[in-house]
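Dropping structure_34.cif in here (mmCIF, C-alpha atoms and all ligand atoms):
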```
data_start
#
loop_
_atom_site.label_atom_id
_atom_site.label_comp_id
_atom_site.auth_asym_id
_atom_site.auth_seq_id
_atom_site.Cartn_x
_atom_site.Cartn_y
_atom_site.Cartn_z
CA MET A 514 52.32 116.06 198.89
CA ARG A 515 52.37 118.44 201.80
CA MET A 516 49.02 119.48 203.23
CA VAL A 517 48.90 123.12 204.21
CA PRO A 518 46.32 123.64 206.95
CA LYS A 519 44.05 126.62 206.55
CA LEU A 520 42.24 126.42 209.87
CA MET A 521 38.70 126.54 208.56
CA ALA A 522 36.91 128.85 206.25
CA ASP A 523 37.60 132.01 208.21
CA ARG A 524 41.35 131.43 207.80
CA SER A 525 42.36 133.06 211.04
CA ALA A 526 43.81 131.91 214.32
CA LEU A 527 45.28 133.36 217.48
CA ILE A 528 48.36 131.77 219.04
CA LEU A 529 49.05 132.52 222.71
CA TYR A 530 52.12 131.02 224.33
CA GLU A 531 53.94 130.94 227.63
CA SER A 532 57.67 130.27 227.40
CA LEU A 533 60.60 130.81 229.75
CA SER A 534 63.67 129.53 227.92
CA GLY A 535 62.39 129.83 224.35
CA ASN A 536 61.33 126.29 223.36
CA THR A 537 57.60 126.96 223.38
CA ALA A 538 58.10 130.35 221.73
CA GLN A 539 59.98 128.62 218.92
CA LEU A 540 57.23 126.02 218.56
CA ALA A 541 54.66 128.83 218.37
CA MET A 542 56.76 130.44 215.64
CA ILE A 543 56.90 127.21 213.61
CA ILE A 544 53.13 126.74 213.93
CA ARG A 545 52.59 130.29 212.75
CA GLU A 546 54.85 129.76 209.73
CA PHE A 547 52.98 126.60 208.70
CA LEU A 548 49.64 128.33 208.95
CA GLU A 549 50.74 131.45 207.15
CA GLU A 550 51.91 129.28 204.27
CA GLY A 551 48.29 128.19 203.91
CA GLY A 552 47.05 131.77 203.87
CA THR A 553 45.78 131.82 207.43
CA VAL A 554 46.01 135.17 209.16
CA ILE A 555 47.80 134.62 212.43
CA GLU A 556 48.12 136.72 215.51
CA ARG A 557 50.92 135.30 217.70
CA MET A 558 51.33 136.81 221.12
CA PRO A 559 53.14 135.97 224.36
CA LEU A 560 50.48 135.08 226.88
CA ARG A 561 51.83 137.67 229.32
CA SER A 562 51.20 140.43 226.74
CA PHE A 563 47.66 139.16 226.15
CA LEU A 564 46.97 139.22 229.88
CA HIS A 565 48.05 142.86 230.04
CA LEU A 566 45.41 143.90 227.52
CA SER A 567 42.16 145.49 228.59
CA PHE A 568 39.14 143.19 228.29
CA ALA A 569 37.92 145.29 225.37
CA ASP A 570 41.21 144.94 223.48
CA ALA A 571 41.44 141.22 224.26
CA GLU A 572 37.91 140.70 223.03
CA GLU A 573 38.61 142.60 219.84
CA ILE A 574 41.45 140.17 219.10
CA THR A 575 39.65 136.97 220.09
CA GLN A 576 36.44 137.82 218.25
CA LYS A 577 38.34 137.80 214.97
CA THR A 578 38.91 134.06 215.18
CA GLN A 579 37.17 130.79 215.96
CA LYS A 580 40.35 129.00 216.99
CA ILE A 581 42.85 129.84 219.69
CA LEU A 582 46.04 127.80 219.94
CA ILE A 583 47.51 127.94 223.45
CA GLY A 584 51.05 126.77 224.14
CA THR A 585 52.91 126.25 227.40
CA TYR A 586 55.95 124.64 228.96
CA THR A 587 55.52 122.40 232.00
CA ASP A 588 57.28 122.99 235.29
CA ASN A 589 56.35 120.42 237.88
CA THR A 590 56.99 122.83 240.75
CA HIS A 591 54.12 124.99 239.58
CA LEU A 592 51.50 123.33 237.47
CA PRO A 593 50.29 124.99 235.34
CA PRO A 594 52.54 128.08 234.99
CA GLU A 595 50.99 131.11 236.65
CA PRO A 596 50.07 133.01 233.44
CA ILE A 597 48.26 129.90 232.19
CA GLU A 598 46.41 129.69 235.48
CA GLU A 599 45.48 133.38 235.21
CA LEU A 600 44.25 132.88 231.65
CA MET A 601 42.03 129.97 232.66
CA GLU A 602 40.63 131.95 235.61
CA THR A 603 40.01 135.07 233.52
CA TYR A 604 38.91 133.96 230.06
CA SER A 605 36.38 131.30 229.16
CA PHE A 606 36.49 131.79 225.37
CA PRO A 607 32.87 130.68 224.86
CA ASP A 608 32.89 131.42 221.13
CA GLN A 609 36.17 129.69 220.24
CA HIS A 610 37.63 126.23 220.07
CA ILE A 611 40.90 125.84 221.94
CA ALA A 612 43.82 123.71 220.80
CA ALA A 613 46.71 123.10 223.22
CA PHE A 614 50.37 122.56 222.48
CA GLY A 615 53.36 122.21 224.76
CA THR A 616 57.02 121.52 225.12
CA GLY A 617 58.38 119.40 227.94
CA ASP A 618 60.98 116.84 228.87
CA THR A 619 60.14 113.14 228.86
CA GLN A 620 62.52 112.53 231.76
CA TRP A 621 59.83 114.03 234.00
CA GLY A 622 57.71 110.95 233.30
CA ASP A 623 54.07 111.32 234.32
CA THR A 624 54.15 115.11 234.16
CA TYR A 625 55.46 115.22 230.56
CA CYS A 626 53.73 118.20 228.92
CA LEU A 627 51.10 118.07 231.65
CA ALA A 628 50.40 121.82 231.59
CA ALA A 629 49.31 121.62 227.94
CA HIS A 630 46.94 118.77 228.85
CA THR A 631 45.59 120.87 231.73
CA VAL A 632 44.78 123.65 229.26
CA ALA A 633 43.08 121.20 226.89
CA ARG A 634 41.00 119.70 229.69
CA HIS A 635 40.03 123.08 231.14
CA TYR A 636 38.75 124.36 227.81
CA ASN A 637 37.21 121.04 226.72
CA SER A 638 39.43 121.06 223.68
CA PRO A 639 38.12 118.76 220.94
CA TYR A 640 41.65 118.31 219.55
CA PRO A 641 44.67 116.18 220.42
CA VAL A 642 47.43 117.88 222.44
CA LEU A 643 50.68 118.54 220.59
CA GLU A 644 53.63 117.42 222.75
CA ILE A 645 57.16 118.34 221.67
CA GLU A 646 60.35 117.38 223.49
CA GLN A 647 62.32 120.52 224.36
CA MET A 648 63.37 122.69 221.39
CA PRO A 649 61.44 121.68 218.24
CA SER A 650 63.60 120.36 215.40
CA SER A 651 63.08 119.32 211.79
CA SER A 652 62.23 115.79 212.96
CA ASP A 653 59.10 117.25 214.63
CA GLN A 654 57.78 118.77 211.41
CA GLU A 655 55.52 115.88 210.44
CA LYS A 656 54.05 115.66 213.94
CA ILE A 657 53.28 119.38 213.95
CA GLU A 658 51.67 119.21 210.50
CA GLN A 659 49.52 116.24 211.52
CA TRP A 660 48.36 118.13 214.58
CA LEU A 661 47.42 121.14 212.48
CA GLU A 662 45.54 118.91 210.07
CA ALA A 663 43.56 117.44 212.98
CA ILE A 664 42.58 120.95 213.99
CA ASP A 665 41.78 121.88 210.42
CA ASN A 666 39.54 118.91 209.76
CA ASP A 667 36.89 119.29 212.44
C1 LIG A 701 62.56 122.94 237.23
C2 LIG A 701 62.01 122.33 235.98
C3 LIG A 701 60.94 121.46 236.08
C4 LIG A 701 60.41 120.86 234.91
N1 LIG A 701 59.37 119.99 235.04
C5 LIG A 701 58.86 119.44 233.91
C6 LIG A 701 57.77 118.53 233.99
O1 LIG A 701 57.24 118.24 235.06
N2 LIG A 701 57.28 118.00 232.84
C7 LIG A 701 57.83 118.28 231.63
O2 LIG A 701 57.36 117.76 230.63
N3 LIG A 701 58.89 119.13 231.52
C8 LIG A 701 59.41 119.70 232.63
N4 LIG A 701 60.45 120.55 232.53
C9 LIG A 701 61.02 120.81 231.18
C10 LIG A 701 60.43 122.06 230.49
O3 LIG A 701 59.02 122.02 230.44
C11 LIG A 701 60.98 122.10 229.06
O4 LIG A 701 62.38 122.32 229.10
C12 LIG A 701 60.30 123.13 228.20
O5 LIG A 701 60.63 122.90 226.84
C13 LIG A 701 60.68 124.56 228.56
O6 LIG A 701 59.94 125.40 227.72
P1 LIG A 701 60.34 126.91 227.45
O7 LIG A 701 61.72 126.91 226.81
O8 LIG A 701 59.30 127.39 226.50
O9 LIG A 701 60.34 127.64 228.75
C14 LIG A 701 60.99 121.14 233.66
C15 LIG A 701 62.06 122.05 233.57
C16 LIG A 701 62.57 122.63 234.72
C17 LIG A 701 63.73 123.57 234.58
#
```

As a first step, turn the structure in this file into structure tokens.
Amino acid sequence: MRMVPKLMADRSALILYESLSGNTAQLAMIIREFLEEGGTVIERMPLRSFLHLSFADAEEITQKTQKILIGTYTDNTHLPPEPIEELMETYSFPDQHIAAFGTGDTQWGDTYCLAAHTVARHYNSPYPVLEIEQMPSSSDQEKIEQWLEAIDND
């Protein structure tokens, strides 16, 4: 039987993602679909749009939820991507738990999905990091669901 994560009693989550060629955006979309199936109210927003908000507007969005899911690609020439760096410098999210997810390419070896791990470490995330190779496919479904269950069950 398929477990449908609800992300805690408040049933809300914010997904912020940084994506250049679309892989991480697609992963963010899949995550949103899974959560919406479980009745969770999701706000999904490109990180660059979030960073353009006023502090008041950003706070209005973040205060609605206890969990923020942050996704990023990894580019070893600039680790982490600049918008992720700006987010970490600007927002501390003291009232939320952060979960990190990323897409990457295993051929980069030690830096595979490193930016997502940087986000997790920076925000002291209590959750595992979801790593997906390039564009997510149906074979990643179980891994994504397990990750959401880990977030759900804290
Ligand atoms: C110049 C360049 C450097 C990259 N370096 C890394 C890396 O160090 N680690 C990694 O896991 N992936 C690396 N990648 C792969 C991307 O992170 C991967 O393709 C990712 O899915 C892109 O996400 P996006 O489509 O959301 O932009 C690199 C890709 C490029 C083009």

Which distance in Å separates CA of Ser534 (chain A) and CA of Ser651 (chain A), to one decimal?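 About the pair CA of Ser534 (chain A) and CA of Ser651 (chain A): they are 19.1 Å apart.
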
What does the list of residues within 10 Å of ligand LIG 701 (chain A) look like if you count all atoms listed in the file, written as JSON, numbers by chain? {"A": [530, 531, 532, 533, 534, 535, 536, 537, 538, 539, 540, 541, 584, 585, 586, 587, 588, 589, 590, 591, 592, 593, 594, 615, 616, 617, 618, 619, 620, 621, 622, 623, 624, 625, 626, 627, 628, 629, 644, 645, 646, 647, 648, 649]}

Hey, could you make a per-residue contact list for region 517-559 of chain A against region 605-609 of chain A with 12 Å as the cut-off, showing the nearest pair of atoms and its distance in Å to one decimal, counting all atoms listed in the file, sorted by chain and number, as a tab-separated table?
```
residue	atom	partner	partner_atom	distance
A:Ser525	CA	A:Gln609	CA	11.6
A:Ala526	CA	A:Gln609	CA	9.9
A:Leu527	CA	A:Gln609	CA	10.2
```

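With only C-alpha atoms as the atoms that count, the residue of A:Ile664, A:Met542, A:Ile528, A:Ile597 with the shortest distance to His635 (chain A) is A:Ile597.
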
Would you mind telling me which residue in A:Ala613, A:Ile543, A:Leu529, A:Leu661 lies nearest to Ala571 (chain A) when using all atoms listed in the file?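 Answer, going by the shortest atom-to-atom distance: A:Leu529.
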
Atomic separation - CA of Trp660 (chain A) relative to CA of Arg524 (chain A), Å: 16.5 Å

Just to confirm, what's the straight-line distance from CA of Pro639 (chain A) to CA of Gln659 (chain A) in Å (one decimal)? 15.0 Å

When distances are computed from all atoms listed in the file, which of A:Ala569, A:Val642, A:Thr575, A:Tyr636 shows the smallest separation from Phe614 (chain A)?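 The shortest atom-to-atom distance to Phe614 (chain A) comes from A:Val642.
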